[in-house]
$ cat entry.cif   # mmCIF, C-alpha atoms and all ligand atoms
data_entry
loop_
_atom_site.label_atom_id
_atom_site.label_comp_id
_atom_site.auth_asym_id
_atom_site.auth_seq_id
_atom_site.Cartn_x
_atom_site.Cartn_y
_atom_site.Cartn_z
CA MET S 53 0.00 0.00 0.00
CA ASP S 54 1.16 3.55 -0.68
CA HIS S 55 -0.09 7.08 -0.28
CA PHE S 56 -0.42 8.09 -3.94
CA LEU S 57 -4.16 8.00 -4.51
CA TYR S 58 -6.73 9.82 -6.59
CA ARG S 59 -8.97 12.28 -4.84
CA ASP S 60 -11.61 14.16 -6.81
CA GLY S 61 -10.00 12.88 -10.00
CA GLN S 62 -6.54 14.25 -9.13
CA LEU S 63 -3.53 12.15 -8.15
CA HIS S 64 -2.37 13.14 -4.68
CA ALA S 65 0.82 12.48 -2.79
CA GLU S 66 -0.60 12.11 0.71
CA ASP S 67 -2.69 15.30 1.04
CA VAL S 68 -0.95 17.29 -1.70
CA PRO S 69 -2.23 17.33 -5.29
CA VAL S 70 0.65 16.21 -7.53
CA ALA S 71 -0.33 18.96 -10.00
CA GLN S 72 0.31 21.54 -7.29
CA ILE S 73 3.87 20.30 -6.80
CA ALA S 74 4.37 20.28 -10.57
CA ALA S 75 3.21 23.89 -10.79
CA ASP S 76 5.81 24.77 -8.19
CA VAL S 77 8.87 22.78 -9.27
CA GLY S 78 8.18 21.97 -12.92
CA THR S 79 8.38 18.50 -14.48
CA PRO S 80 9.96 16.01 -14.44
CA PHE S 81 10.51 15.38 -10.74
CA TYR S 82 10.62 12.58 -8.19
CA CYS S 83 8.15 12.72 -5.35
CA TYR S 84 8.38 10.67 -2.15
CA SER S 85 5.83 10.05 0.59
CA THR S 86 6.92 10.19 4.23
CA ALA S 87 3.89 8.13 5.30
CA THR S 88 4.76 5.31 2.89
CA LEU S 89 8.43 5.26 3.87
CA THR S 90 7.40 5.14 7.52
CA ARG S 91 4.81 2.44 6.99
CA HIS S 92 7.18 0.18 5.09
CA PHE S 93 9.98 0.57 7.62
CA GLN S 94 7.57 -0.20 10.43
CA LEU S 95 6.20 -3.27 8.66
CA PHE S 96 9.69 -4.78 8.69
CA ASP S 97 10.42 -3.65 12.21
CA GLU S 98 7.20 -5.26 13.45
CA ALA S 99 7.74 -8.41 11.38
CA LEU S 100 10.97 -9.05 13.31
CA SER S 101 9.75 -7.79 16.68
CA ASP S 102 10.04 -11.22 18.34
CA LEU S 103 13.79 -11.28 17.69
CA PRO S 104 16.57 -8.84 18.59
CA HIS S 105 17.06 -7.05 15.29
CA LEU S 106 18.09 -3.99 13.33
CA VAL S 107 16.54 -3.00 10.01
CA CYS S 108 19.36 -1.43 7.97
CA PHE S 109 17.94 0.47 5.00
CA ALA S 110 19.85 -0.36 1.80
CA MET S 111 20.48 3.23 0.88
CA LYS S 112 21.70 2.34 -2.60
CA SER S 113 17.96 2.33 -3.41
CA ASN S 114 17.47 5.95 -2.35
CA SER S 115 20.14 8.02 -0.64
CA ASN S 116 18.59 11.47 -0.40
CA GLN S 117 19.47 13.08 2.93
CA ALA S 118 15.83 13.80 3.78
CA VAL S 119 14.81 10.19 3.09
CA LEU S 120 17.67 8.91 5.23
CA ARG S 121 16.80 11.33 8.03
CA THR S 122 13.16 10.23 7.94
CA LEU S 123 14.17 6.59 8.34
CA ALA S 124 16.98 7.22 10.82
CA ASP S 125 14.52 9.08 13.06
CA LEU S 126 12.42 5.90 13.13
CA GLY S 127 15.44 3.94 14.36
CA ALA S 128 16.68 2.53 11.06
CA GLY S 129 20.27 1.53 10.57
CA MET S 130 21.90 1.88 7.14
CA ASP S 131 23.48 -0.60 4.77
CA VAL S 132 26.18 1.27 2.84
CA VAL S 133 28.34 0.14 -0.07
CA SER S 134 30.76 3.02 -0.58
CA GLY S 135 32.58 5.81 1.19
CA GLY S 136 30.06 8.19 -0.34
CA GLU S 137 27.12 6.29 1.12
CA TYR S 138 28.89 6.07 4.48
CA ALA S 139 29.40 9.85 4.44
CA ARG S 140 25.75 10.39 3.48
CA ALA S 141 24.55 8.17 6.32
CA ARG S 142 26.74 10.03 8.82
CA ALA S 143 25.60 13.40 7.44
CA ALA S 144 21.99 12.31 7.96
CA GLY S 145 22.82 11.70 11.63
CA VAL S 146 23.12 7.92 11.63
CA PRO S 147 25.59 6.80 14.31
CA GLY S 148 28.44 4.54 13.22
CA ASP S 149 27.17 1.63 15.28
CA ARG S 150 24.05 1.54 13.12
CA ILE S 151 25.97 1.44 9.83
CA VAL S 152 26.75 -1.87 8.14
CA PHE S 153 29.43 -1.60 5.44
CA SER S 154 28.74 -3.96 2.52
CA GLY S 155 30.09 -4.01 -1.04
CA VAL S 156 32.57 -6.12 -2.97
CA GLY S 157 35.45 -3.70 -3.26
CA LYS S 158 36.04 -1.62 -0.14
CA THR S 159 39.18 0.44 -0.52
CA ALA S 160 41.72 1.07 2.24
CA ASP S 161 40.52 4.70 2.45
CA GLU S 162 36.92 3.60 2.89
CA ILE S 163 37.88 1.06 5.54
CA ARG S 164 39.92 3.68 7.41
CA MET S 165 37.08 6.19 7.25
CA ALA S 166 34.59 3.74 8.72
CA LEU S 167 36.97 2.59 11.44
CA THR S 168 37.68 6.18 12.40
CA GLU S 169 34.06 7.27 12.66
CA GLY S 170 32.58 3.96 13.75
CA VAL S 171 30.96 1.03 12.04
CA ARG S 172 28.67 -1.71 13.21
CA GLN S 173 30.45 -4.26 11.04
CA PHE S 174 32.07 -4.81 7.68
CA ASN S 175 30.44 -7.48 5.56
CA VAL S 176 33.54 -9.05 4.03
CA GLU S 177 33.20 -10.23 0.44
CA SER S 178 36.52 -11.96 -0.26
CA GLU S 179 39.75 -13.12 1.32
CA PRO S 180 41.85 -10.27 -0.13
CA GLU S 181 39.36 -7.80 1.28
CA MET S 182 39.47 -9.51 4.67
CA ARG S 183 43.27 -9.21 4.69
CA ALA S 184 43.02 -5.55 3.70
CA ILE S 185 40.62 -4.79 6.57
CA SER S 186 42.93 -6.64 8.94
CA ALA S 187 45.94 -4.62 7.73
CA VAL S 188 44.19 -1.24 7.98
CA ALA S 189 42.69 -2.00 11.40
CA SER S 190 46.00 -3.30 12.78
CA ALA S 191 47.89 -0.24 11.52
CA MET S 192 45.33 1.96 13.30
CA GLY S 193 45.45 -0.12 16.49
CA ALA S 194 41.74 -0.78 15.98
CA THR S 195 39.58 -3.88 15.87
CA ALA S 196 37.20 -4.25 12.94
CA PRO S 197 33.98 -6.18 13.60
CA ILE S 198 33.29 -8.40 10.58
CA THR S 199 30.85 -10.85 9.14
CA ILE S 200 31.76 -12.84 6.07
CA ARG S 201 29.32 -12.86 3.20
CA VAL S 202 28.75 -16.40 2.14
CA ASN S 203 27.37 -17.29 -1.22
CA PRO S 204 24.87 -20.09 -0.58
CA ASP S 205 24.50 -21.09 -4.26
CA VAL S 206 20.77 -20.51 -4.31
CA ASP S 207 18.88 -19.41 -7.39
CA ALA S 208 16.92 -16.28 -6.45
CA LYS S 209 14.79 -16.64 -9.61
CA THR S 210 14.97 -12.95 -10.38
CA HIS S 211 16.43 -10.86 -13.23
CA ALA S 212 19.98 -12.02 -14.05
CA LYS S 213 21.43 -8.53 -13.48
CA ILE S 214 20.15 -8.42 -9.89
CA SER S 215 20.71 -12.03 -8.84
CA THR S 216 23.70 -12.43 -6.52
CA GLY S 217 23.54 -15.75 -4.70
CA LYS S 218 24.59 -18.27 -7.36
CA LYS S 219 28.10 -19.66 -7.35
CA GLU S 220 28.92 -17.96 -10.66
CA ASP S 221 28.10 -14.52 -9.20
CA LYS S 222 30.88 -12.20 -8.00
CA PHE S 223 29.56 -11.91 -4.46
CA GLY S 224 30.77 -13.45 -1.21
CA ILE S 225 32.77 -16.59 -0.64
CA PRO S 226 31.40 -20.03 -1.53
CA ILE S 227 29.59 -21.56 1.42
CA THR S 228 31.63 -24.71 0.87
CA ARG S 229 34.79 -22.79 1.82
CA ALA S 230 33.29 -20.87 4.73
CA ARG S 231 34.94 -22.83 7.55
CA GLU S 232 38.38 -22.38 6.05
CA VAL S 233 37.90 -18.63 5.60
CA TYR S 234 36.49 -18.16 9.11
CA ALA S 235 39.53 -19.98 10.46
CA GLU S 236 41.79 -17.51 8.67
CA ALA S 237 39.69 -14.59 9.94
CA ALA S 238 40.06 -15.77 13.52
CA ALA S 239 43.84 -15.89 13.12
CA LEU S 240 44.25 -12.45 11.53
CA PRO S 241 45.06 -9.45 13.72
CA GLY S 242 42.67 -6.50 13.96
CA LEU S 243 39.51 -8.48 13.18
CA LYS S 244 36.67 -9.64 15.37
CA VAL S 245 34.28 -12.10 13.78
CA VAL S 246 30.73 -11.30 14.86
CA GLY S 247 28.56 -13.20 12.43
CA ILE S 248 27.56 -14.29 8.96
CA ASP S 249 26.16 -12.27 6.05
CA VAL S 250 24.09 -13.42 3.09
CA HIS S 251 22.20 -11.66 0.30
CA ILE S 252 20.88 -13.64 -2.64
CA GLY S 253 19.36 -11.03 -4.93
CA SER S 254 16.82 -8.31 -5.41
CA GLN S 255 13.14 -8.17 -6.37
CA LEU S 256 12.41 -11.70 -5.13
CA THR S 257 8.72 -12.41 -5.43
CA ASP S 258 8.85 -15.87 -3.90
CA LEU S 259 10.01 -16.73 -0.38
CA ALA S 260 11.34 -20.20 -1.24
CA PRO S 261 14.89 -19.07 -2.18
CA PHE S 262 15.15 -17.15 1.13
CA GLU S 263 14.04 -20.26 3.00
CA LEU S 264 16.69 -22.34 1.27
CA ALA S 265 19.45 -19.80 1.88
CA TYR S 266 18.58 -19.11 5.53
CA THR S 267 18.38 -22.82 6.30
CA LYS S 268 21.91 -23.19 4.94
CA ILE S 269 23.00 -20.23 7.09
CA ALA S 270 21.47 -21.82 10.19
CA ASP S 271 23.47 -25.01 9.56
CA LEU S 272 26.62 -23.00 8.97
CA THR S 273 26.08 -21.08 12.22
CA GLU S 274 26.06 -24.33 14.19
CA GLN S 275 29.15 -25.58 12.35
CA LEU S 276 31.11 -22.37 12.90
CA ARG S 277 30.13 -22.29 16.56
CA ALA S 278 31.38 -25.86 16.89
CA ASP S 279 34.65 -24.65 15.34
CA GLY S 280 34.88 -22.11 18.19
CA HIS S 281 33.68 -18.91 16.46
CA GLU S 282 31.39 -16.52 18.22
CA ILE S 283 28.47 -16.03 15.85
CA ILE S 284 26.23 -13.47 17.51
CA ARG S 285 24.80 -11.73 14.47
CA LEU S 286 23.21 -12.79 11.18
CA ASP S 287 22.84 -10.27 8.38
CA LEU S 288 20.19 -11.74 6.09
CA GLY S 289 20.45 -9.16 3.30
CA GLY S 290 17.60 -7.51 1.44
CA GLY S 291 15.74 -8.41 -1.68
CA LEU S 292 12.06 -8.76 -0.90
CA GLY S 293 10.19 -7.72 -4.04
CA ILE S 294 7.40 -5.23 -4.56
CA PRO S 295 4.38 -5.24 -6.88
CA TYR S 296 5.35 -3.20 -9.95
CA ALA S 297 2.28 -4.25 -11.91
CA ARG S 298 -0.43 -3.78 -9.37
CA SER S 299 -3.07 -5.51 -11.39
CA ASN S 300 -1.48 -8.96 -11.26
CA GLU S 301 1.42 -9.17 -8.78
CA VAL S 302 1.13 -10.14 -5.15
CA PRO S 303 4.60 -10.48 -3.63
CA PRO S 304 5.05 -11.86 -0.12
CA LEU S 305 4.40 -9.58 2.82
CA PRO S 306 7.08 -8.51 5.32
CA SER S 307 5.10 -10.41 7.98
CA ASP S 308 5.46 -13.69 5.99
CA TYR S 309 9.15 -12.92 5.59
CA GLY S 310 9.46 -12.24 9.34
CA ALA S 311 7.83 -15.58 10.12
CA LEU S 312 10.28 -17.28 7.75
CA VAL S 313 13.23 -15.64 9.49
CA ALA S 314 11.95 -16.77 12.89
CA ARG S 315 11.36 -20.30 11.59
CA THR S 316 14.75 -20.73 9.94
CA VAL S 317 17.21 -18.90 12.21
CA GLY S 318 15.17 -17.75 15.24
CA HIS S 319 16.37 -20.62 17.45
CA LEU S 320 20.02 -19.57 17.18
CA GLY S 321 19.78 -16.63 19.59
CA CYS S 322 21.48 -14.31 17.10
CA GLU S 323 20.80 -10.68 16.57
CA ILE S 324 19.19 -10.34 13.14
CA GLU S 325 19.99 -7.63 10.63
CA ILE S 326 18.14 -7.18 7.37
CA GLU S 327 18.96 -4.80 4.52
CA PRO S 328 15.77 -3.99 2.64
CA GLY S 329 15.96 -1.21 0.08
CA ARG S 330 13.27 -1.52 -2.55
CA LEU S 331 10.50 -2.64 -0.22
CA ILE S 332 10.95 0.48 1.90
CA SER S 333 11.53 3.10 -0.78
CA GLY S 334 10.16 1.63 -4.04
CA ASN S 335 6.48 2.28 -3.68
CA ALA S 336 7.17 5.38 -1.59
CA GLY S 337 8.09 7.30 -4.74
CA ILE S 338 6.71 8.35 -8.11
CA LEU S 339 8.28 10.05 -11.09
CA VAL S 340 6.10 12.78 -12.51
CA SER S 341 6.51 13.78 -16.12
CA SER S 342 4.67 15.85 -18.73
CA VAL S 343 3.74 14.85 -22.23
CA ILE S 344 5.74 16.95 -24.70
CA TYR S 345 4.10 15.52 -27.81
CA GLU S 346 1.58 12.91 -28.70
CA LYS S 347 2.91 11.63 -32.01
CA GLN S 348 0.70 9.54 -34.21
CA GLY S 349 2.92 7.20 -36.21
CA GLU S 350 2.06 4.97 -39.10
CA GLU S 351 2.18 1.76 -37.12
CA ARG S 352 1.81 3.01 -33.59
CA ASP S 353 1.31 6.10 -31.50
CA PHE S 354 4.00 7.54 -29.30
CA LEU S 355 3.75 9.48 -26.11
CA ILE S 356 6.92 11.58 -25.88
CA LEU S 357 7.60 12.61 -22.29
CA ASP S 358 9.93 15.13 -20.71
CA ALA S 359 11.42 12.35 -18.54
CA ALA S 360 13.93 10.03 -20.15
CA MET S 361 16.14 7.02 -19.58
CA ASN S 362 18.71 9.21 -17.82
CA ASP S 363 16.09 9.99 -15.14
CA LEU S 364 14.76 6.43 -14.75
CA ILE S 365 16.95 3.78 -16.30
CA ARG S 366 15.20 0.66 -15.02
CA PRO S 367 13.07 -0.04 -18.12
CA ALA S 368 16.09 0.33 -20.45
CA MET S 369 18.44 -1.60 -18.21
CA TYR S 370 16.32 -4.45 -16.86
CA GLU S 371 13.26 -4.40 -19.14
CA ALA S 372 11.53 -3.32 -15.93
CA TYR S 373 7.82 -2.64 -15.87
CA HIS S 374 6.45 0.47 -14.16
CA ASP S 375 2.79 1.37 -13.96
CA ILE S 376 2.30 4.73 -15.71
CA VAL S 377 -0.88 6.57 -14.76
CA PRO S 378 -2.34 9.94 -15.73
CA VAL S 379 -2.10 12.60 -13.01
CA GLN S 380 -5.62 13.65 -13.86
CA GLU S 381 -7.67 10.47 -13.49
CA ALA S 382 -9.20 9.18 -16.69
CA THR S 383 -12.96 9.56 -16.79
CA PRO S 384 -14.93 6.39 -17.59
CA GLY S 385 -15.74 7.65 -21.09
CA ALA S 386 -12.14 8.69 -21.95
CA THR S 387 -10.87 7.72 -25.41
CA PRO S 388 -8.55 4.71 -25.09
CA ALA S 389 -5.15 4.71 -26.74
CA CYS S 390 -2.22 2.35 -27.05
CA TYR S 391 1.17 4.01 -26.85
CA ASP S 392 4.86 3.41 -26.96
CA ILE S 393 5.89 5.70 -24.10
CA VAL S 394 9.31 7.20 -24.72
CA GLY S 395 11.69 9.93 -23.62
CA PRO S 396 13.50 12.51 -25.74
CA VAL S 397 16.99 10.94 -25.52
CA CYS S 398 18.52 10.01 -28.87
CA GLU S 399 18.45 6.23 -28.43
CA SER S 400 15.74 3.71 -29.18
CA GLY S 401 16.51 2.29 -25.74
CA ASP S 402 14.90 5.39 -24.28
CA THR S 403 11.59 3.58 -24.18
CA PHE S 404 9.64 3.25 -20.95
CA ALA S 405 6.85 1.04 -22.22
CA LYS S 406 5.73 -0.57 -25.45
CA ARG S 407 2.12 -0.85 -26.53
CA ARG S 408 0.77 0.39 -23.25
CA ASP S 409 -2.97 0.90 -22.96
CA MET S 410 -3.67 4.37 -21.64
CA PRO S 411 -6.36 6.99 -21.93
CA ARG S 412 -5.57 9.32 -24.84
CA LEU S 413 -3.37 12.15 -23.58
CA SER S 414 -2.23 15.37 -25.18
CA ALA S 415 0.72 17.73 -24.83
CA GLY S 416 0.99 19.35 -21.43
CA GLU S 417 -0.87 16.61 -19.57
CA MET S 418 1.04 14.74 -16.88
CA VAL S 419 1.71 11.13 -16.01
CA ALA S 420 3.21 9.46 -12.95
CA PHE S 421 5.47 6.41 -12.98
CA ARG S 422 4.66 4.37 -9.92
CA SER S 423 7.18 2.38 -7.85
CA ALA S 424 9.95 4.81 -8.75
CA GLY S 425 11.24 5.55 -5.24
CA ALA S 426 13.91 2.83 -5.36
CA TYR S 427 16.74 2.74 -7.91
CA GLY S 428 15.26 5.78 -9.63
CA ALA S 429 16.95 9.07 -8.71
CA VAL S 430 20.06 7.24 -7.45
CA MET S 431 20.69 5.69 -10.85
CA SER S 432 20.05 8.84 -12.84
CA SER S 433 22.62 10.67 -14.89
CA GLU S 434 22.95 13.81 -16.96
CA TYR S 435 23.20 11.97 -20.27
CA ASN S 436 22.27 14.23 -23.18
CA SER S 437 23.13 17.09 -20.78
CA ARG S 438 19.78 16.81 -19.10
CA PRO S 439 20.26 18.21 -15.58
CA LEU S 440 19.39 15.87 -12.69
CA ILE S 441 15.73 16.26 -11.86
CA PRO S 442 14.49 17.51 -8.50
CA GLU S 443 13.33 15.35 -5.62
CA VAL S 444 10.39 16.37 -3.46
CA LEU S 445 9.31 14.95 -0.11
CA VAL S 446 5.69 15.12 1.00
CA HIS S 447 4.61 14.99 4.62
CA GLY S 448 0.84 15.21 5.11
CA ASP S 449 -0.23 18.47 3.52
CA GLN S 450 3.33 19.82 3.27
CA PHE S 451 5.95 19.33 0.62
CA ALA S 452 9.55 20.40 0.23
CA VAL S 453 12.16 20.21 -2.49
CA ILE S 454 14.87 17.92 -1.07
CA ARG S 455 17.20 18.17 -4.08
CA LYS S 456 16.82 21.08 -6.39
CA ARG S 457 17.10 21.07 -10.15
CA PRO S 458 20.48 22.50 -11.15
CA SER S 459 20.46 25.27 -13.71
CA TYR S 460 22.33 24.76 -16.98
CA ALA S 461 24.98 27.13 -15.65
CA GLU S 462 25.43 25.04 -12.50
CA MET S 463 25.68 21.88 -14.54
CA ILE S 464 28.30 23.39 -16.86
CA ALA S 465 30.25 24.96 -14.01
CA ARG S 466 31.25 21.52 -12.75
CA ASP S 467 33.59 21.19 -15.73
CA THR S 468 36.84 23.09 -15.66
CA ILE S 469 38.98 24.35 -18.53
CA PRO S 470 42.70 23.55 -18.34
CA GLU S 471 45.13 26.44 -18.47
CA TRP S 472 46.25 25.71 -22.02
CA LEU S 473 42.73 26.20 -23.33
CA ASP S 474 42.02 29.31 -21.31
CA ARG S 475 41.62 32.46 -23.32
N1 LIG R 1 21.94 -5.78 0.46
C1 LIG R 1 22.83 -6.00 -0.52
C2 LIG R 1 24.13 -6.59 -0.20
C3 LIG R 1 22.50 -5.67 -1.86
O1 LIG R 1 23.37 -5.90 -2.82
C4 LIG R 1 21.22 -5.12 -2.15
C5 LIG R 1 20.85 -4.75 -3.51
C6 LIG R 1 20.33 -4.90 -1.07
C7 LIG R 1 20.73 -5.26 0.22
C8 LIG R 1 18.97 -4.30 -1.26
O2 LIG R 1 18.16 -5.05 -2.08
P1 LIG R 1 16.61 -4.66 -2.22
O3 LIG R 1 15.95 -4.90 -0.88
O4 LIG R 1 16.53 -3.24 -2.59
O5 LIG R 1 16.11 -5.57 -3.27
N2 LIG R 1 19.22 -1.46 -9.50
C9 LIG R 1 18.47 -2.69 -9.44
C10 LIG R 1 18.58 -3.36 -8.08
C11 LIG R 1 19.99 -3.63 -7.65
C12 LIG R 1 20.08 -4.26 -6.30
C13 LIG R 1 21.49 -4.37 -5.84
N3 LIG R 1 21.64 -4.86 -4.50
C14 LIG R 1 17.02 -2.42 -9.82
O6 LIG R 1 16.70 -1.29 -10.17
O7 LIG R 1 16.20 -3.32 -9.81
#

$ encode --input "entry.cif" --output "structure tokens" --more "lines below"
Ligand code: LLP
Amino acid sequence: MDHFLYRDGQLHAEDVPVAQIAADVGTPFYCYSTATLTRHFQLFDEALSDLPHLVCFAMKSNSNQAVLRTLADLGAGMDVVSGGEYARARAAGVPGDRIVFSGVGKTADEIRMALTEGVRQFNVESEPEMRAISAVASAMGATAPITIRVNPDVDAKTHAKISTGKKEDKFGIPITRAREVYAEAAALPGLKVVGIDVHIGSQLTDLAPFELAYTKIADLTEQLRADGHEIIRLDLGGGLGIPYARSNEVPPLPSDYGALVARTVGHLGCEIEIEPGRLISGNAGILVSSVIYEKQGEERDFLILDAAMNDLIRPAMYEAYHDIVPVQEATPGATPACYDIVGPVCESGDTFAKRRDMPRLSAGEMVAFRSAGAYGAVMSSEYNSRPLIPEVLVHGDQFAVIRKRPSYAEMIARDTIPEWLDR
């Protein structure tokens, strides 16, 4: 459920008409709902309430400071994958002991930064990385808390580009080698093993792969404990999917997921961490765009929008489906149309939807892409020199711009001219 609903024929974000925001900031823009972010965080928090736990928001899905602050104020931790994300989490007021540092290629600088300011744990992805963390921590006279990400060789049955838990994927160490690697970790200076980490993929719409992976992790926990390791924490990753096509998708609920966690690893007495991104931020955001032209082609009609693949790359990159709805609700008698919905970027790949049934729209009318709060703004670029679009946060009947649209001058001013070209 989200808080983008029609009232009196007008799409609202909570209590604010989307058209009112558009009049203020111009299109295209991203718009997030505080109530939806809050609700989704709380659903997870409640789903795990029988176990000691921390919900660490995977901020790769949405890293705007205001979004992070909203979640941090609710008690969320953060899952970060770069020095930049770590700095953003700290800037949003998240204490180091609520920041989990994931990612396959942490550099010495990033490790040092996190050890200096505080980190809940590093999720180690490989032996060379484990040795690097040990070296940096030892040189600083510090102890780095670590889990090791194990790859359980489970098929997440999701899009190949966002599946991470098969043995051919680049993530983690094979579960078959876990005991050996934990033994090395225990012997290295500057490290303290605190647990195990696993993440099998994103946009999972079936709980069975989680069940398989977590059962393997439970067995591994017992084995590692028997080997003498103190396993007090299990990081179970993120990945629970959301309904992108509302008409026919019903992914599992956080409460079903919580019950699965309790059933598979609850008996181990570990503190549980989870790293949901999409399920918290995905349906908490829309992308609002105006129709520039309605172009009637020979074979098909096109709706040419002012948003493009640089603003929302998911359809081009993963063939992802997003519901696209008119901001002014279609009346029952509206003329139906079937469009290819595209952006103005000079690539055929700049196509959001093919042969999509919509009410007939004309230039100046607006549409909203649903489920755009995760992996939307964070994956945008300025390709075709289209400045990054603004982000807006709604809270009840208030709204605020939380990242403004840069002017052309600001965009250009980021480049610098070397001396030899200066005239
Ligand atoms: N933890 C780890 C270690 C991850 O790699 C990811 C996502 C998450 C947590 C959060 O997964 P979520 O709950 O959001 O599914 N750009 C793609 C998704 C990439 C996901 C990468 N890792 C997309 O737009 O679908």

$ closest_residue --input "entry.cif" --among "S:Cys108, S:Leu95, S:Ala297, S:Leu240" --to "ligand LIG 1 (chain R)" --atoms "all atoms listed in the file"
S:Cys108

$ closest_residue --input "entry.cif" --among "S:Pro470, S:Pro411, S:Gly247, S:Gly290" --to "ligand LIG 1 (chain R)" --atoms "all atoms listed in the file"
S:Gly290

$ closest_residue --input "entry.cif" --among "S:Tyr435, S:Trp472, S:Phe262, S:Tyr391" --to "Leu312 of chain S" --atoms "all atoms listed in the file"
S:Phe262

$ axis_aligned_box --input "entry.cif" --around "ligand LIG 1 (chain R)" --padding-each-side "3 Å" --output "JSON"
{"center_x": 20.0, "center_y": -3.9, "center_z": -4.9, "size_x": 14.2, "size_y": 11.3, "size_z": 16.6}

$ residues_near_ligand --input "entry.cif" --ligand "ligand LIG 1 (chain R)" --cutoff "8 Å" --atoms "all atoms listed in the file" --output "short mmCIF file (atom, residue, chain, number, x, y, z; two decimals) with C-alpha atoms, in the coordinates of the input"
data_model
loop_
_atom_site.label_atom_id
_atom_site.label_comp_id
_atom_site.auth_asym_id
_atom_site.auth_seq_id
_atom_site.Cartn_x
_atom_site.Cartn_y
_atom_site.Cartn_z
CA PHE S 109 17.94 0.47 5.00
CA ALA S 110 19.85 -0.36 1.80
CA MET S 111 20.48 3.23 0.88
CA LYS S 112 21.70 2.34 -2.60
CA SER S 113 17.96 2.33 -3.41
CA ASP S 131 23.48 -0.60 4.77
CA VAL S 133 28.34 0.14 -0.07
CA SER S 154 28.74 -3.96 2.52
CA GLY S 155 30.09 -4.01 -1.04
CA LYS S 213 21.43 -8.53 -13.48
CA ILE S 214 20.15 -8.42 -9.89
CA THR S 216 23.70 -12.43 -6.52
CA VAL S 250 24.09 -13.42 3.09
CA HIS S 251 22.20 -11.66 0.30
CA GLY S 253 19.36 -11.03 -4.93
CA SER S 254 16.82 -8.31 -5.41
CA GLN S 255 13.14 -8.17 -6.37
CA LEU S 256 12.41 -11.70 -5.13
CA GLY S 289 20.45 -9.16 3.30
CA GLY S 290 17.60 -7.51 1.44
CA GLY S 291 15.74 -8.41 -1.68
CA LEU S 292 12.06 -8.76 -0.90
CA GLY S 293 10.19 -7.72 -4.04
CA ILE S 326 18.14 -7.18 7.37
CA GLU S 327 18.96 -4.80 4.52
CA PRO S 328 15.77 -3.99 2.64
CA GLY S 329 15.96 -1.21 0.08
CA ARG S 330 13.27 -1.52 -2.55
CA LEU S 331 10.50 -2.64 -0.22
CA ILE S 332 10.95 0.48 1.90
CA ILE S 365 16.95 3.78 -16.30
CA ARG S 366 15.20 0.66 -15.02
CA TYR S 370 16.32 -4.45 -16.86
CA ALA S 372 11.53 -3.32 -15.93
CA ALA S 426 13.91 2.83 -5.36
CA TYR S 427 16.74 2.74 -7.91
CA GLY S 428 15.26 5.78 -9.63
CA MET S 431 20.69 5.69 -10.85
#

$ atom_distance --input "entry.cif" --atom1 "atom CA of Pro306 of chain S" --atom2 "atom CA of Arg140 of chain S"
26.6 Å

$ atom_distance --input "entry.cif" --atom1 "atom CA of Met361 of chain S" --atom2 "atom CA of Ser400 of chain S"
10.2 Å

$ residues_around --input "entry.cif" --residues "Pro295 of chain S" --least-positions-apart "6" --cutoff "12 Å" --atoms "all atoms listed in the file" --output "list in words"
Met53, Asp54, Gln255, Leu256, Thr257, Asp258, Glu301, Val302, Pro303, Pro304, Leu305, Arg330, Leu331, Gly334, Asn335, Ala372, Tyr373, His374, Asp375, Arg422, Ser423 and Ala424 of chain S

$ atom_distance --input "entry.cif" --atom1 "atom CA of Ala74 of chain S" --atom2 "atom CA of Tyr345 of chain S"
17.9 Å

$ residues_around --input "entry.cif" --residues "Ala99 of chain S" --least-positions-apart "4" --cutoff "12 Å" --atoms "all atoms listed in the file" --output "list in words"
His92, Phe93, Gln94, Leu95, Leu103, Pro104, His105, Leu106, Val107, Leu305, Pro306, Ser307, Asp308, Tyr309, Gly310, Ala311, Leu312, Val313, Ala314, Ile324 and Ile326 of chain S

$ residues_around --input "entry.cif" --residues "Leu440 of chain S" --least-positions-apart "3" --cutoff "7 Å" --atoms "only C-alpha atoms" --output "list in words"
Ser433, Glu434, Arg457 and Pro458 of chain S

$ residues_around --input "entry.cif" --residues "Ile454 of chain S" --least-positions-apart "5" --cutoff "8 Å" --atoms "all atoms listed in the file" --output "list in words"
Asn116, Gln117, Ala118, Pro442, Glu443, Val444 and Leu445 of chain S

$ closest_residue --input "entry.cif" --among "S:Leu259, S:Val171, S:Ala368, S:Val119" --to "Gly135 of chain S" --atoms "only C-alpha atoms"
S:Val171

$ closest_residue --input "entry.cif" --among "S:Pro396, S:Gly337, S:Pro388, S:Gly425" --to "Arg408 of chain S" --atoms "all atoms listed in the file"
S:Pro388

$ residues_around --input "entry.cif" --residues "Val419 of chain S" --least-positions-apart "4" --cutoff "8 Å" --atoms "only C-alpha atoms" --output "NGL selection string"
:S and (340-343 or 376-379)
